[in-house]
>>> print(open('upload.txt').read())   # compact mmCIF, C-alpha atoms
# COMPACT_ATOMS: atom_id res chain seq x y z
CA MET S 1 51.10 49.74 -27.53
CA ARG S 2 49.49 46.67 -29.07
CA ASN S 3 49.59 44.88 -25.72
CA LEU S 4 48.07 47.84 -23.89
CA PHE S 5 45.28 48.06 -26.46
CA PHE S 6 44.48 44.36 -26.08
CA LEU S 7 44.58 44.72 -22.29
CA ALA S 8 41.84 47.36 -22.56
CA VAL S 9 39.94 45.05 -24.94
CA VAL S 10 40.15 42.17 -22.43
CA LEU S 11 38.89 44.39 -19.59
CA PHE S 12 36.06 45.61 -21.82
CA PHE S 13 35.08 42.07 -22.72
CA GLY S 14 35.28 41.12 -19.04
CA ILE S 15 32.62 43.72 -18.25
CA LEU S 16 30.60 42.79 -21.32
CA GLN S 17 30.66 39.09 -20.36
CA ALA S 18 28.89 39.87 -17.07
CA ALA S 19 26.58 42.54 -18.45
CA LEU S 20 25.68 40.82 -21.72
CA PRO S 21 21.98 41.53 -22.36
CA ASP S 22 19.41 38.79 -22.48
CA TYR S 23 18.57 39.18 -26.17
CA VAL S 24 22.02 38.07 -27.36
CA LYS S 25 21.60 34.75 -25.57
CA PHE S 26 20.84 31.76 -27.74
CA PHE S 27 18.81 29.08 -25.91
CA GLY S 28 19.76 30.93 -22.72
CA ILE S 29 23.46 30.57 -23.47
CA LYS S 30 25.93 33.33 -24.17
CA PRO S 31 29.33 33.16 -25.86
CA ASP S 32 32.45 32.94 -23.74
CA LEU S 33 34.08 36.23 -24.75
CA LEU S 34 36.91 35.85 -22.25
CA LEU S 35 37.86 32.39 -23.51
CA ALA S 36 37.78 33.75 -27.07
CA GLY S 37 40.00 36.62 -25.91
CA SER S 38 42.43 34.18 -24.33
CA ILE S 39 42.58 32.08 -27.53
CA SER S 40 43.10 35.22 -29.63
CA ALA S 41 45.98 36.29 -27.39
CA SER S 42 47.55 32.82 -27.72
CA LEU S 43 47.45 33.09 -31.51
CA ALA S 44 48.56 36.70 -31.87
CA PHE S 45 51.02 37.45 -29.07
CA SER S 46 54.29 36.04 -27.84
CA SER S 47 54.16 33.22 -25.25
CA GLY S 48 54.71 35.53 -22.26
CA TRP S 49 52.00 38.01 -23.18
CA ALA S 50 49.64 35.21 -24.23
CA LEU S 51 50.00 33.61 -20.80
CA PHE S 52 49.51 36.96 -19.09
CA PHE S 53 46.29 37.62 -21.01
CA SER S 54 45.06 34.06 -20.39
CA ILE S 55 45.57 34.37 -16.64
CA LEU S 56 43.86 37.78 -16.69
CA CYS S 57 40.88 36.40 -18.65
CA GLY S 58 40.61 33.43 -16.28
CA LEU S 59 40.80 35.70 -13.23
CA LEU S 60 38.12 38.02 -14.60
CA LYS S 61 35.81 35.11 -15.31
CA ASP S 62 36.33 33.67 -11.83
CA ILE S 63 35.75 37.09 -10.23
CA TYR S 64 32.34 37.42 -11.90
CA GLY S 65 31.33 33.79 -11.49
CA PRO S 66 29.53 32.52 -8.40
CA GLY S 67 31.53 29.30 -8.19
CA PRO S 68 33.82 28.72 -5.23
CA LEU S 69 36.45 27.10 -7.46
CA TYR S 70 38.95 29.20 -9.41
CA ILE S 71 38.96 26.73 -12.24
CA ASN S 72 39.28 29.26 -15.08
CA THR S 73 42.44 30.83 -13.63
CA LEU S 74 44.04 27.38 -13.90
CA LEU S 75 42.50 26.21 -17.15
CA PHE S 76 42.90 29.30 -19.37
CA PRO S 77 46.73 29.35 -19.22
CA PHE S 78 46.72 25.60 -19.86
CA TRP S 79 44.62 26.05 -23.04
CA SER S 80 46.89 28.93 -23.99
CA LEU S 81 50.01 26.76 -23.70
CA LEU S 82 48.27 24.01 -25.67
CA ILE S 83 47.48 26.43 -28.52
CA ILE S 84 51.04 27.81 -28.53
CA LYS S 85 52.46 24.25 -28.78
CA PHE S 86 49.89 23.30 -31.41
CA SER S 87 50.50 26.39 -33.53
CA ARG S 88 54.20 25.49 -33.72
CA LYS S 89 53.31 22.15 -35.32
CA VAL S 90 50.35 23.22 -37.47
CA SER S 91 49.83 26.49 -39.32
CA LEU S 92 46.86 28.43 -37.94
CA ASP S 93 47.07 31.39 -40.33
CA TYR S 94 43.91 30.32 -42.14
CA GLY S 95 40.68 31.74 -40.66
CA PRO S 96 38.60 28.52 -40.51
CA ALA S 97 41.54 26.69 -38.92
CA ARG S 98 41.61 29.32 -36.16
CA CYS S 99 37.82 29.00 -35.70
CA GLY S 100 38.17 25.21 -35.53
CA THR S 101 40.84 25.57 -32.86
CA ALA S 102 38.60 27.98 -30.90
CA PHE S 103 35.69 25.52 -31.13
CA THR S 104 37.86 22.60 -29.98
CA ILE S 105 39.27 24.53 -27.03
CA ALA S 106 35.81 25.83 -26.02
CA LEU S 107 34.43 22.29 -26.28
CA LEU S 108 37.25 20.87 -24.14
CA HIS S 109 36.75 23.67 -21.60
CA ASN S 110 33.00 23.05 -21.38
CA ILE S 111 33.46 19.28 -21.07
CA PHE S 112 35.95 19.86 -18.26
CA CYS S 113 33.53 22.22 -16.46
CA CYS S 114 30.69 19.72 -16.86
CA LEU S 115 32.83 16.85 -15.52
CA THR S 116 33.89 18.99 -12.55
CA LEU S 117 30.24 19.58 -11.63
CA ILE S 118 29.43 15.89 -12.01
CA TYR S 119 32.47 14.98 -9.90
CA LEU S 120 31.20 17.36 -7.19
CA GLY S 121 27.96 15.36 -7.12
CA LYS S 122 25.65 17.85 -8.81
CA VAL S 123 22.75 16.56 -10.84
CA ILE S 124 22.64 18.02 -14.34
CA PRO S 125 20.35 16.37 -16.89
CA LEU S 126 22.19 15.04 -19.93
CA GLY S 127 20.17 17.19 -22.34
CA ILE S 128 21.01 20.41 -20.50
CA SER S 129 24.72 19.63 -20.18
CA ALA S 130 24.93 18.64 -23.87
CA ARG S 131 23.06 21.81 -24.85
CA ILE S 132 25.35 24.07 -22.82
CA THR S 133 28.49 22.28 -24.04
CA LEU S 134 27.65 22.32 -27.74
CA ILE S 135 25.86 25.67 -28.09
CA SER S 136 28.34 27.55 -25.91
CA SER S 137 31.29 26.09 -27.86
CA LEU S 138 29.71 26.89 -31.22
CA TYR S 139 28.72 30.40 -30.16
CA THR S 140 32.23 31.07 -28.82
CA ALA S 141 33.76 29.84 -32.07
CA LEU S 142 31.39 32.08 -34.06
CA VAL S 143 32.25 35.26 -32.13
CA PHE S 144 35.95 34.37 -32.03
CA PRO S 145 36.82 36.03 -35.43
CA LEU S 146 35.35 39.33 -34.18
CA ILE S 147 37.52 39.26 -31.08
CA PHE S 148 40.57 38.10 -33.04
CA LYS S 149 40.16 41.22 -35.20
CA PHE S 150 41.02 43.31 -32.13
CA THR S 151 44.49 41.79 -32.05
CA GLN S 152 45.06 43.08 -35.58
CA VAL S 153 43.75 46.63 -35.16
CA ILE S 154 47.25 47.75 -34.31
CA PRO S 155 49.60 45.79 -36.61
CA TYR S 156 52.52 43.90 -35.15
CA CYS S 157 55.80 45.81 -35.53
CA PRO S 158 58.84 43.57 -35.01
CA PRO S 159 61.76 45.15 -33.12
CA VAL S 160 64.32 46.92 -35.32
CA GLN S 161 66.88 44.36 -36.42
CA ARG S 162 70.62 44.95 -36.46
CA ALA S 163 72.07 45.21 -39.92
CA VAL S 164 73.97 42.01 -40.67
CA SER S 165 77.16 42.30 -42.62
CA PRO S 166 78.36 39.44 -44.90
CA GLN S 167 81.28 38.90 -42.48
CA ASP S 168 78.90 38.23 -39.57
CA GLU S 169 77.11 35.65 -41.60
CA MET K 1 61.58 12.37 -28.45
CA PHE K 2 60.59 14.67 -25.60
CA LYS K 3 63.71 16.46 -24.40
CA LEU K 4 63.81 18.51 -21.23
CA ASN K 5 66.76 20.85 -21.04
CA ARG K 6 67.48 23.37 -18.31
CA LYS K 7 65.97 26.31 -20.21
CA LYS K 8 62.70 24.49 -20.84
CA LEU K 9 62.58 23.30 -17.25
CA SER K 10 63.11 26.79 -15.84
CA SER K 11 60.52 28.37 -18.15
CA SER K 12 57.97 25.66 -17.24
CA ALA K 13 58.69 26.23 -13.54
CA ALA K 14 58.26 30.00 -14.01
CA ILE K 15 54.92 29.53 -15.80
CA LEU K 16 53.72 27.14 -13.10
CA ALA K 17 54.78 29.60 -10.40
CA VAL K 18 52.91 32.46 -12.10
CA VAL K 19 49.74 30.35 -12.47
CA ILE K 20 49.89 29.18 -8.84
CA PHE K 21 50.53 32.77 -7.71
CA ALA K 22 47.50 34.01 -9.68
CA PHE K 23 45.42 31.10 -8.31
CA ALA K 24 46.42 31.95 -4.74
CA LEU K 25 45.82 35.66 -5.33
CA ALA K 26 42.38 35.20 -6.91
CA PRO K 27 40.30 35.06 -3.67
CA ALA K 28 41.98 38.21 -2.34
CA LEU K 29 41.42 40.04 -5.64
CA ARG K 30 37.73 39.19 -5.84
CA ASP K 31 36.32 41.80 -3.47
CA PRO K 32 38.36 44.84 -4.62
CA SER K 33 37.87 43.89 -8.29
CA LEU K 34 34.12 43.60 -7.86
CA SER K 35 33.99 46.98 -6.15
CA ALA K 36 36.18 48.57 -8.82
CA LEU K 37 34.07 47.09 -11.62
CA ASN K 38 30.80 48.14 -10.00
CA LEU K 39 30.52 51.43 -11.91
CA PRO K 40 31.48 50.05 -15.38
CA LEU K 41 29.02 47.20 -14.84
CA LYS K 42 26.25 49.65 -13.94
CA ILE K 43 27.02 51.72 -17.04
CA ALA K 44 27.08 48.60 -19.23
CA ALA K 45 23.75 47.47 -17.77
CA VAL K 46 22.16 50.89 -18.47
CA ILE K 47 23.51 50.90 -22.05
CA GLY K 48 22.22 47.33 -22.53
CA HIS K 49 18.74 48.36 -21.33
CA GLU K 50 18.71 51.42 -23.61
CA ILE K 51 19.68 49.32 -26.64
CA GLU K 52 17.01 46.78 -25.74
CA ALA K 53 14.44 49.59 -25.45
CA ILE K 54 15.33 50.84 -28.95
CA ILE K 55 15.43 47.40 -30.59
CA PHE K 56 12.19 46.18 -29.04
CA PHE K 57 10.33 49.49 -29.26
CA ARG K 58 7.25 48.05 -30.98
CA ARG K 59 6.93 45.12 -28.58
CA ASN K 60 7.41 47.47 -25.61
CA TYR K 61 4.73 49.84 -26.90
CA TYR K 62 2.05 47.14 -27.08
CA GLN K 63 3.26 45.55 -23.86
CA ASN K 64 2.98 48.95 -22.17
CA ARG K 65 -0.61 49.35 -23.33
CA ALA K 66 -1.55 45.89 -22.06
CA LEU K 67 0.24 46.50 -18.76
CA ARG K 68 -1.56 49.82 -18.24
CA LYS K 69 -4.87 48.00 -18.54
CA GLU K 70 -3.66 45.30 -16.15
CA THR K 71 -2.43 47.93 -13.67
CA GLY K 72 -5.86 49.49 -13.52
CA LEU K 73 -7.42 46.12 -12.79
CA LEU K 74 -4.79 45.27 -10.20
CA ARG K 75 -5.21 48.64 -8.50
CA TYR K 76 -8.90 47.90 -8.11
CA GLN K 77 -8.10 44.44 -6.72
CA LEU K 78 -5.45 45.89 -4.40
CA ASN K 79 -7.97 48.25 -2.88
CA ALA K 80 -10.26 45.31 -2.21
CA GLN K 81 -7.31 43.38 -0.70
CA LYS K 82 -6.43 46.37 1.50
CA GLU K 83 -9.90 46.35 2.89
CA ALA K 84 -9.62 42.62 3.61
CA ALA K 85 -6.19 43.11 5.21
CA LEU K 86 -7.49 45.87 7.46
CA GLU K 87 -10.39 43.69 8.47
CA ASN K 88 -8.00 40.79 9.09
CA GLY K 89 -5.78 43.00 11.27
CA ARG K 90 -8.73 44.11 13.32
CA LEU K 91 -9.94 40.55 13.81
CA LYS K 92 -6.43 39.35 14.72
CA SER K 93 -6.02 41.99 17.35
CA LEU K 94 -9.42 41.05 18.66
CA LEU K 95 -8.38 37.44 18.93
CA ASN K 96 -5.05 38.52 20.55
CA PHE K 97 -2.90 36.80 17.89
CA LYS K 98 0.81 37.36 17.99
CA GLN K 99 1.64 40.05 15.46
CA GLN K 100 4.21 38.86 13.00
CA SER K 101 6.60 41.51 11.81
CA PRO K 102 7.25 41.41 8.04
CA PHE K 103 10.69 40.84 6.56
CA LYS K 104 13.04 43.78 6.51
CA VAL K 105 14.31 43.92 2.95
CA VAL K 106 16.79 45.89 0.89
CA ALA K 107 15.90 46.43 -2.77
CA ALA K 108 18.75 45.96 -5.25
CA ASN K 109 19.23 46.15 -9.00
CA VAL K 110 20.87 43.39 -10.99
CA ILE K 111 24.02 44.73 -12.69
CA GLY K 112 25.62 41.52 -13.90
CA HIS K 113 25.01 37.88 -14.64
CA SER K 114 27.00 34.69 -14.39
CA PRO K 115 29.72 34.67 -17.09
CA ASP K 116 29.05 31.14 -18.35
CA GLY K 117 26.36 28.50 -18.61
CA TRP K 118 27.81 26.26 -15.90
CA SER K 119 26.69 28.43 -13.04
CA SER K 120 23.67 30.52 -12.33
CA GLY K 121 24.29 33.73 -10.45
CA ILE K 122 23.80 37.46 -10.51
CA ILE K 123 25.68 40.52 -9.26
CA ILE K 124 23.62 43.14 -7.42
CA ASP K 125 24.45 46.80 -6.74
CA LYS K 126 24.12 46.63 -2.94
CA GLY K 127 26.75 45.38 -0.52
CA ARG K 128 28.00 45.46 3.05
CA ILE K 129 27.42 49.21 3.40
CA ASN K 130 23.71 48.53 2.78
CA GLY K 131 23.59 45.84 5.47
CA ILE K 132 23.91 42.86 3.16
CA ARG K 133 25.84 39.89 4.52
CA ARG K 134 26.83 36.47 3.18
CA GLY K 135 24.09 33.85 3.52
CA MET K 136 21.12 36.22 3.37
CA SER K 137 18.09 35.12 1.38
CA VAL K 138 17.15 36.90 -1.81
CA ILE K 139 13.54 37.09 -2.95
CA ASN K 140 11.39 38.91 -5.43
CA TYR K 141 7.79 40.08 -5.26
CA VAL K 142 6.85 36.69 -6.74
CA GLY K 143 9.02 34.19 -4.88
CA LEU K 144 12.45 32.84 -4.00
CA VAL K 145 15.44 34.02 -6.06
CA GLY K 146 18.54 32.70 -4.26
CA ARG K 147 21.10 33.41 -1.61
CA VAL K 148 23.94 35.90 -1.14
CA ILE K 149 27.25 34.04 -1.43
CA GLU K 150 29.61 36.98 -1.39
CA ALA K 151 29.09 40.49 -0.05
CA GLY K 152 31.47 43.15 -1.25
CA ALA K 153 31.51 46.74 -0.05
CA SER K 154 29.08 48.06 -2.65
CA SER K 155 28.07 44.97 -4.63
CA SER K 156 27.23 41.35 -3.85
CA LYS K 157 27.01 38.04 -5.63
CA VAL K 158 23.85 35.97 -5.46
CA LEU K 159 23.64 32.27 -6.25
CA LEU K 160 20.32 31.67 -7.97
CA VAL K 161 18.01 28.85 -7.01
CA SER K 162 18.55 27.38 -10.52
CA ASP K 163 22.23 26.66 -9.72
CA PRO K 164 22.93 23.02 -8.79
CA ASN K 165 25.17 24.19 -5.92
CA LEU K 166 22.21 25.65 -4.03
CA GLY K 167 19.90 23.31 -2.09
CA VAL K 168 16.70 24.58 -0.51
CA SER K 169 14.68 22.63 2.04
CA ALA K 170 11.10 22.81 0.78
CA VAL K 171 7.61 21.42 1.32
CA VAL K 172 4.64 20.80 -0.91
CA GLN K 173 2.16 23.43 0.27
CA ARG K 174 -0.88 21.15 -0.04
CA ASN K 175 0.27 18.11 1.96
CA ARG K 176 3.52 19.33 3.68
CA GLN K 177 5.70 16.62 2.05
CA GLU K 178 9.32 17.58 2.56
CA GLY K 179 12.10 17.46 -0.01
CA LEU K 180 15.22 19.20 -1.25
CA VAL K 181 14.98 21.61 -4.18
CA CYS K 182 18.08 21.98 -6.35
CA GLY K 183 18.78 23.75 -9.63
CA THR K 184 19.47 21.95 -12.89
CA LEU K 185 20.95 24.90 -14.88
CA GLY K 186 17.88 24.60 -17.10
CA GLY K 187 14.46 26.21 -16.93
CA ASN K 188 13.12 23.88 -14.22
CA LEU K 189 14.20 22.98 -10.70
CA ILE K 190 14.21 19.48 -9.26
CA MET K 191 12.76 18.46 -5.88
CA ARG K 192 14.39 15.27 -4.65
CA TYR K 193 14.19 12.86 -1.71
CA LEU K 194 10.41 12.82 -1.61
CA PRO K 195 8.98 9.69 0.09
CA GLN K 196 8.04 6.85 -2.24
CA ASP K 197 4.37 7.08 -1.31
CA SER K 198 4.20 10.88 -1.49
CA ASP K 199 1.15 12.36 -3.12
CA ILE K 200 2.44 14.86 -5.66
CA ARG K 201 0.12 16.38 -8.22
CA LEU K 202 0.73 18.68 -11.13
CA GLU K 203 0.35 22.40 -10.29
CA ASP K 204 1.10 21.74 -6.60
CA GLU K 205 2.86 24.75 -5.11
CA ILE K 206 6.26 24.31 -3.48
CA VAL K 207 7.30 26.65 -0.68
CA THR K 208 10.36 26.92 1.59
CA SER K 209 10.06 24.80 4.71
CA GLY K 210 12.06 27.06 7.02
CA PHE K 211 13.65 23.97 8.65
CA ASN K 212 17.28 24.94 8.04
CA GLU K 213 16.83 28.59 9.09
CA VAL K 214 18.63 29.82 5.97
CA PHE K 215 15.46 30.65 4.06
CA PRO K 216 12.38 32.00 5.85
CA LYS K 217 9.36 29.73 5.91
CA GLY K 218 6.64 29.94 3.30
CA ILE K 219 8.38 31.65 0.37
CA LEU K 220 7.02 30.40 -2.94
CA ILE K 221 9.56 28.49 -5.03
CA GLY K 222 7.42 27.28 -7.91
CA THR K 223 4.80 24.85 -9.17
CA VAL K 224 5.12 21.16 -10.00
CA VAL K 225 5.18 20.40 -13.73
CA ASN K 226 6.25 16.76 -13.69
CA ALA K 227 6.85 13.97 -11.19
CA GLY K 228 8.60 10.62 -11.34
CA LYS K 229 10.56 7.93 -9.51
CA GLU K 230 14.29 8.23 -8.82
CA PHE K 231 16.55 5.81 -10.71
CA SER K 232 17.26 3.93 -7.44
CA GLY K 233 13.52 3.46 -6.87
CA LEU K 234 13.89 4.50 -3.22
CA SER K 235 12.37 7.94 -3.51
CA ARG K 236 10.46 10.22 -5.86
CA TYR K 237 11.32 13.49 -7.51
CA CYS K 238 9.35 16.25 -9.14
CA LEU K 239 10.24 18.99 -11.59
CA ILE K 240 9.28 22.51 -10.58
CA ARG K 241 8.74 25.55 -12.76
CA PRO K 242 10.22 28.46 -10.77
CA ALA K 243 7.78 31.20 -9.77
CA VAL K 244 10.39 33.85 -10.62
CA ASN K 245 11.60 34.22 -14.19
CA LEU K 246 15.28 33.79 -13.32
CA SER K 247 16.64 34.32 -16.83
CA ASN K 248 15.82 38.04 -17.05
CA ILE K 249 15.55 39.17 -13.49
CA GLU K 250 16.26 42.89 -12.96
CA GLU K 251 15.33 43.73 -9.37
CA VAL K 252 15.56 41.68 -6.21
CA LEU K 253 14.91 42.07 -2.49
CA VAL K 254 17.50 40.91 0.02
CA ILE K 255 16.04 39.84 3.38
CA VAL K 256 18.29 41.54 5.91
CA GLU K 257 16.10 40.71 8.89
CA LYS K 258 13.88 37.68 9.16
CA GLU K 259 10.49 37.55 10.84
CA ARG K 260 10.67 37.17 14.58
>>> encode(input="upload.txt", output="structure tokens")
Amino acid sequence: MRNLFFLAVVLFFGILQAALPDYVKFFGIKPDLLLAGSISASLAFSSGWALFFSILCGLLKDIYGPGPLYINTLLFPFWSLLIIKFSRKVSLDYGPARCGTAFTIALLHNIFCCLTLIYLGKVIPLGISARITLISSLYTALVFPLIFKFTQVIPYCPPVQRAVSPQDE
Amino acid sequence: MFKLNRKKLSSSAAILAVVIFAFALAPALRDPSLSALNLPLKIAAVIGHEIEAIIFFRRNYYQNRALRKETGLLRYQLNAQKEAALENGRLKSLLNFKQQSPFKVVAANVIGHSPDGWSSGIIIDKGRINGIRRGMSVINYVGLVGRVIEAGASSSKVLLVSDPNLGVSAVVQRNRQEGLVCGTLGGNLIMRYLPQDSDIRLEDEIVTSGFNEVFPKGILIGTVVNAGKEFSGLSRYCLIRPAVNLSNIEEVLVIVEKER
């Protein structure tokens, strides 16, 4: 149920990402709702579902984007795996820690996208690339808590555990 | 230490296989997904416009009043232009000039924008069933907008002229100096490969050259706002302010048939 609800949320954010009105843009830049959705899934779901949602988010972003490269389909699951590994070492239950992780991942993603464009020989002024990288990452990190809330609308119910007798122990 | 047992290895291989499968499937999914998402995108665009109309009611009210005044003035000017055009037509036929047929265009509404800041594109609500094909030029009443890069059944994707992946062969209208106009992802475009001794002035108008047959000749791209020398010193460049406001474009015209 929780997974189905988040699936609907991801599809909704996919549409919203493409149809986001002009007045929510800050310096012409909008938040990456799909990346935030992918990070939320990595923090709130099991590894399998997190990967599924990451691939779906990446696919949706590539479908709407004009680029010929399907870079997001490859990168989103990678970031998802990175977060899953990281969350096993460090506790990310604290809100600001989650926002910090979202900012770092968004920053890494934007730097990677910028480097890909530079590698392909495109001319992007330093000021513009720095502006997109920093503002987009910050904006994504700021909207991340709102999207993360959607993973908690339906609380996680662990599967019913078998009663353990003292002999089994 | 990093240990790799059989379970870890098989799960990593499974993840890799899923990602590669999704990556391989992505191009095939693009067209049906775009068509399926056409209606929700249209609805989202309409809702977005309605919310904007409510939020910016006051601004819209005064803008409407100013525009009404401007429309009256423009209508008067248009009548005068019509007279001039009719006179021009008569004189042309007298001089036996070859009649040039205008572009055949398809009007389309913008229903979606590029999902991130690293690309500049739009999604329009017309596709193959409306005669739109990949590679067609997209314009506006003011000037050049971009080029169709993907045509779905009922929607298409347009790469805007502000995207660095789109290059347009262009000339300076005043002195016919040729160069290549590319996007910078910012507000301005850049015209590169201009000769070192080229005479570029501020407010010069840049139009499409028509040399590469992708874009029709003479479509306005923008005006020069700055000029300088390339880092190599071999050529010059100039920054162009696009004629079309690409950040909040709502309607476009796709040229489905060029002038003969």
>>> interface_residues(input="upload.txt", of="chain S", to="chain K", cutoff="8 Å", atoms="only C-alpha atoms", output="CSV table (one decimal) with C-alpha atoms, keeping the file's coordinate frame")
chain,number,residue,atom,x,y,z
S,15,ILE,CA,32.6,43.7,-18.2
S,16,LEU,CA,30.6,42.8,-21.3
S,17,GLN,CA,30.7,39.1,-20.4
S,18,ALA,CA,28.9,39.9,-17.1
S,19,ALA,CA,26.6,42.5,-18.4
S,20,LEU,CA,25.7,40.8,-21.7
S,21,PRO,CA,22.0,41.5,-22.4
S,22,ASP,CA,19.4,38.8,-22.5
S,23,TYR,CA,18.6,39.2,-26.2
S,28,GLY,CA,19.8,30.9,-22.7
S,29,ILE,CA,23.5,30.6,-23.5
S,30,LYS,CA,25.9,33.3,-24.2
S,31,PRO,CA,29.3,33.2,-25.9
S,32,ASP,CA,32.4,32.9,-23.7
S,55,ILE,CA,45.6,34.4,-16.6
S,59,LEU,CA,40.8,35.7,-13.2
S,61,LYS,CA,35.8,35.1,-15.3
S,62,ASP,CA,36.3,33.7,-11.8
S,63,ILE,CA,35.8,37.1,-10.2
S,64,TYR,CA,32.3,37.4,-11.9
S,65,GLY,CA,31.3,33.8,-11.5
S,66,PRO,CA,29.5,32.5,-8.4
S,67,GLY,CA,31.5,29.3,-8.2
S,70,TYR,CA,39.0,29.2,-9.4
S,73,THR,CA,42.4,30.8,-13.6
S,74,LEU,CA,44.0,27.4,-13.9
S,77,PRO,CA,46.7,29.4,-19.2
S,113,CYS,CA,33.5,22.2,-16.5
S,114,CYS,CA,30.7,19.7,-16.9
S,122,LYS,CA,25.6,17.8,-8.8
S,123,VAL,CA,22.8,16.6,-10.8
S,124,ILE,CA,22.6,18.0,-14.3
S,125,PRO,CA,20.4,16.4,-16.9
S,128,ILE,CA,21.0,20.4,-20.5
S,132,ILE,CA,25.4,24.1,-22.8
S,136,SER,CA,28.3,27.6,-25.9
>>> axis_aligned_box(input="upload.txt", around="region 144-155 of chain K", padding_each_side="5 Å", output="JSON")
{"center_x": 22.0, "center_y": 40.4, "center_z": -3.1, "size_x": 29.1, "size_y": 25.4, "size_z": 16.0}
>>> atom_distance(input="upload.txt", atom1="CA of Ile129 (chain K)", atom2="CA of Val254 (chain K)")
13.4 Å
>>> residues_around(input="upload.txt", residues="Ala8 (chain S)", least_positions_apart="2", cutoff="12 Å", atoms="all atoms listed in the file", output="PDB file with C-alpha atoms, in the frame of the given file")
ATOM      1  CA  MET S   1      51.100  49.740 -27.530  1.00  0.00           C
ATOM      2  CA  ARG S   2      49.490  46.670 -29.070  1.00  0.00           C
ATOM      3  CA  ASN S   3      49.590  44.880 -25.720  1.00  0.00           C
ATOM      4  CA  LEU S   4      48.070  47.840 -23.890  1.00  0.00           C
ATOM      5  CA  PHE S   5      45.280  48.060 -26.460  1.00  0.00           C
ATOM      6  CA  PHE S   6      44.480  44.360 -26.080  1.00  0.00           C
ATOM      7  CA  VAL S  10      40.150  42.170 -22.430  1.00  0.00           C
ATOM      8  CA  LEU S  11      38.890  44.390 -19.590  1.00  0.00           C
ATOM      9  CA  PHE S  12      36.060  45.610 -21.820  1.00  0.00           C
ATOM     10  CA  PHE S  13      35.080  42.070 -22.720  1.00  0.00           C
ATOM     11  CA  GLY S  14      35.280  41.120 -19.040  1.00  0.00           C
ATOM     12  CA  ILE S  15      32.620  43.720 -18.250  1.00  0.00           C
ATOM     13  CA  GLY S  37      40.000  36.620 -25.910  1.00  0.00           C
ATOM     14  CA  PHE S  53      46.290  37.620 -21.010  1.00  0.00           C
ATOM     15  CA  LEU S  56      43.860  37.780 -16.690  1.00  0.00           C
ATOM     16  CA  CYS S  57      40.880  36.400 -18.650  1.00  0.00           C
ATOM     17  CA  PHE S 150      41.020  43.310 -32.130  1.00  0.00           C
ATOM     18  CA  THR S 151      44.490  41.790 -32.050  1.00  0.00           C
TER      19      THR S 151
END
>>> closest_residue(input="upload.txt", among="S:Ile71, S:Pro145, S:Thr140, S:Trp79", to="Leu117 (chain S)", atoms="only C-alpha atoms")
S:Ile71
>>> atom_distance(input="upload.txt", atom1="CA of Asp199 (chain K)", atom2="CA of Ile221 (chain K)")
18.3 Å
>>> atom_distance(input="upload.txt", atom1="CA of Ala108 (chain K)", atom2="CA of Val161 (chain K)")
17.2 Å
>>> residues_near_point(input="upload.txt", point="(1.9, 13.2, -2.1)", cutoff="10 Å", atoms="all atoms listed in the file", output="PyMOL selection string")
chain K and resi 172+174-178+194-201+204+236
>>> residues_around(input="upload.txt", residues="Phe215 (chain K)", least_positions_apart="3", cutoff="12 Å", atoms="all atoms listed in the file", output="ChimeraX atom specification")
/K:103,135-139,143-148,161,166-170,207-212,218-221,254-259
>>> write_last_selection(input="upload.txt", atoms="C-alpha atoms", output="CSV table (one decimal), in the coordinates of the input")
chain,number,residue,atom,x,y,z
K,103,PHE,CA,10.7,40.8,6.6
K,135,GLY,CA,24.1,33.8,3.5
K,136,MET,CA,21.1,36.2,3.4
K,137,SER,CA,18.1,35.1,1.4
K,138,VAL,CA,17.2,36.9,-1.8
K,139,ILE,CA,13.5,37.1,-3.0
K,143,GLY,CA,9.0,34.2,-4.9
K,144,LEU,CA,12.4,32.8,-4.0
K,145,VAL,CA,15.4,34.0,-6.1
K,146,GLY,CA,18.5,32.7,-4.3
K,147,ARG,CA,21.1,33.4,-1.6
K,148,VAL,CA,23.9,35.9,-1.1
K,161,VAL,CA,18.0,28.8,-7.0
K,166,LEU,CA,22.2,25.6,-4.0
K,167,GLY,CA,19.9,23.3,-2.1
K,168,VAL,CA,16.7,24.6,-0.5
K,169,SER,CA,14.7,22.6,2.0
K,170,ALA,CA,11.1,22.8,0.8
K,207,VAL,CA,7.3,26.6,-0.7
K,208,THR,CA,10.4,26.9,1.6
K,209,SER,CA,10.1,24.8,4.7
K,210,GLY,CA,12.1,27.1,7.0
K,211,PHE,CA,13.6,24.0,8.6
K,212,ASN,CA,17.3,24.9,8.0
K,218,GLY,CA,6.6,29.9,3.3
K,219,ILE,CA,8.4,31.6,0.4
K,220,LEU,CA,7.0,30.4,-2.9
K,221,ILE,CA,9.6,28.5,-5.0
K,254,VAL,CA,17.5,40.9,0.0
K,255,ILE,CA,16.0,39.8,3.4
K,256,VAL,CA,18.3,41.5,5.9
K,257,GLU,CA,16.1,40.7,8.9
K,258,LYS,CA,13.9,37.7,9.2
K,259,GLU,CA,10.5,37.6,10.8
>>> closest_residue(input="upload.txt", among="S:Phe148, S:Leu60, S:Leu33, S:Leu81", to="Ser46 (chain S)", atoms="only C-alpha atoms")
S:Leu81
>>> closest_residue(input="upload.txt", among="K:Asn245, K:Ser35, K:Thr223, K:Ser10", to="Ser155 (chain K)", atoms="all atoms listed in the file")
K:Ser35
>>> residues_around(input="upload.txt", residues="Ala227 (chain K)", least_positions_apart="5", cutoff="7 Å", atoms="only C-alpha atoms", output="MDAnalysis selection string")
chainID K and resid 237:239
>>> closest_residue(input="upload.txt", among="S:Trp49, S:Gly127, S:Leu146, S:Leu138", to="Thr101 (chain S)", atoms="all atoms listed in the file")
S:Leu138
